[in-house]
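Let me begin by presenting the structure, written as structure tokens, before commenting on it.
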Amino acid sequence: MKITSVKVLKNEASDARVRGYANVVIDEGFAIHDIRIIEGENGLFLAMPSKKNPDGTFRDVAHPINPEVRAIFEEAILTEYNKSE
């Protein structure tokens with residue numbers, strides 16, 4: 001698996017926890033939109049796109065299934081996020 005495209009849209013509001021949104025393309029053939037870049041107590045982290053269930057809880061609609069793949073996403077997205085500062 002290779003992330004072939006990353007686009008980041010920053011949230012310019014200084015008081016917002018959500019610092020931006022990312023769209024990625026995997027292997028030039030599969031897109032994931034609206035990955036949130038969030039400012040947490042220990043720095044930036046990613047929140048995958050999710051939907052609200054009828055009971056009010058949320059469920060990710062797309063997500064990495066192991067730590068290695070999550071690290072690939074974090075590196076690609078946060079590198080692009082930091083480029084545009």
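Every chain in the structure tokens takes a letter, A first, then B, and so on in the order presented; its residues are numbered from 1, and the ligands are numbered from 1 following the presented order.
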
*Any idea what's packed within 12 Å of Thr79 (chain A), counting only C-alpha atoms, ignoring anything in its chain fewer than 2 positions away? Could you give it as a list of chain:residue names?*
A:Val6, A:Lys7, A:Val8, A:Ala22, A:Ile37, A:Leu44, A:Ala71, A:Ile72, A:Phe73, A:Glu74, A:Glu75, A:Ala76, A:Ile77, A:Tyr81, A:Asn82, A:Lys83, A:Ser84, A:Glu85

_I want to know what sits within 12 Å of region 50-53 of chain A, based on only C-alpha atoms, with residues of the same chain fewer than 4 positions away left out; could you give that as an MDAnalysis selection string?_
chainID A and resid 32:36 57:63

C-alpha atoms of the current selection, written as a CSV table (one decimal), in the first residue's frame:
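What follows is the written file out.csv:
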```csv
chain,number,residue,atom,x,y,z
A,32,ILE,CA,-10.4,8.7,1.7
A,33,HIS,CA,-11.8,12.2,2.5
A,34,ASP,CA,-12.3,14.2,5.7
A,35,ILE,CA,-9.6,12.8,7.9
A,36,ARG,CA,-9.5,15.2,10.8
A,57,THR,CA,-22.4,6.8,19.0
A,58,PHE,CA,-19.9,7.2,16.2
A,59,ARG,CA,-18.3,4.6,14.1
A,60,ASP,CA,-15.3,5.0,11.8
A,61,VAL,CA,-16.2,4.4,8.1
A,62,ALA,CA,-12.6,3.9,7.1
A,63,HIS,CA,-9.5,3.3,9.3
```

*Using only C-alpha atoms, which residues sit within 12 Å of Gly29 (chain A) once same-chain residues fewer than 2 positions away are excluded, as a PyMOL selection string?*
chain A and resi 1-5+24-27+31-32

Residues as selected, N, CA, C and O atoms, written as an mmCIF file, in the first residue's frame, can you do that?
```
data_model
loop_
_atom_site.group_PDB
_atom_site.id
_atom_site.type_symbol
_atom_site.label_atom_id
_atom_site.label_comp_id
_atom_site.auth_asym_id
_atom_site.auth_seq_id
_atom_site.Cartn_x
_atom_site.Cartn_y
_atom_site.Cartn_z
ATOM 1 N N MET A 1 0.836 -1.172 0.000
ATOM 2 C CA MET A 1 0.000 0.000 0.000
ATOM 3 C C MET A 1 0.880 1.234 0.000
ATOM 4 O O MET A 1 1.831 1.316 0.763
ATOM 5 N N LYS A 2 0.516 2.181 -0.860
ATOM 6 C CA LYS A 2 1.265 3.429 -0.934
ATOM 7 C C LYS A 2 0.289 4.594 -1.022
ATOM 8 O O LYS A 2 -0.651 4.572 -1.827
ATOM 9 N N ILE A 3 0.509 5.600 -0.183
ATOM 10 C CA ILE A 3 -0.290 6.814 -0.276
ATOM 11 C C ILE A 3 0.308 7.634 -1.409
ATOM 12 O O ILE A 3 1.472 8.040 -1.355
ATOM 13 N N THR A 4 -0.478 7.858 -2.449
ATOM 14 C CA THR A 4 0.036 8.522 -3.651
ATOM 15 C C THR A 4 -0.335 9.992 -3.728
ATOM 16 O O THR A 4 0.197 10.713 -4.573
ATOM 17 N N SER A 5 -1.252 10.461 -2.868
ATOM 18 C CA SER A 5 -1.620 11.872 -2.868
ATOM 19 C C SER A 5 -2.145 12.257 -1.496
ATOM 20 O O SER A 5 -2.893 11.488 -0.880
ATOM 21 N N VAL A 24 -6.738 11.736 1.217
ATOM 22 C CA VAL A 24 -5.622 10.933 0.713
ATOM 23 C C VAL A 24 -6.097 10.019 -0.402
ATOM 24 O O VAL A 24 -7.271 9.628 -0.451
ATOM 25 N N VAL A 25 -5.168 9.693 -1.288
ATOM 26 C CA VAL A 25 -5.411 8.697 -2.332
ATOM 27 C C VAL A 25 -4.401 7.584 -2.112
ATOM 28 O O VAL A 25 -3.207 7.838 -1.924
ATOM 29 N N ILE A 26 -4.893 6.355 -2.148
ATOM 30 C CA ILE A 26 -4.043 5.177 -1.952
ATOM 31 C C ILE A 26 -3.886 4.468 -3.285
ATOM 32 O O ILE A 26 -4.884 4.205 -3.976
ATOM 33 N N ASP A 27 -2.638 4.169 -3.626
ATOM 34 C CA ASP A 27 -2.320 3.418 -4.848
ATOM 35 C C ASP A 27 -2.999 3.988 -6.097
ATOM 36 O O ASP A 27 -3.416 3.245 -6.984
ATOM 37 N N ALA A 31 -9.749 6.724 -2.646
ATOM 38 C CA ALA A 31 -9.673 7.991 -1.922
ATOM 39 C C ALA A 31 -10.377 7.898 -0.575
ATOM 40 O O ALA A 31 -11.417 7.250 -0.450
ATOM 41 N N ILE A 32 -9.796 8.558 0.416
ATOM 42 C CA ILE A 32 -10.419 8.726 1.729
ATOM 43 C C ILE A 32 -10.435 10.222 2.005
ATOM 44 O O ILE A 32 -9.400 10.883 1.970
#
```

*Nearest residue to Arg17 (chain A) from the set A:Phe45, A:Asn66, A:Pro54, A:Gly40 (distances using only C-alpha atoms)*: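 Checking each candidate against Arg17 (chain A), we get A:Gly40 as the closest.
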
*So which bits of chain A end up alpha helix (DSSP H) when you DSSP the backbone, as a list in words?*
Pro67, Glu68, Val69, Arg70, Ala71, Ile72, Phe73, Glu74, Glu75, Ala76, Ile77, Leu78, Thr79, Glu80, Tyr81, Asn82 and Lys83 of chain A

*asked:* I'd like the interatomic distance between CA of Pro49 (chain A) and CA of Gly20 (chain A), to a tenth of an Å.
replied: 12.8 Å

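The coordinates place CA of Gly43 (chain A) at 13.6 Å from CA of Ala16 (chain A).
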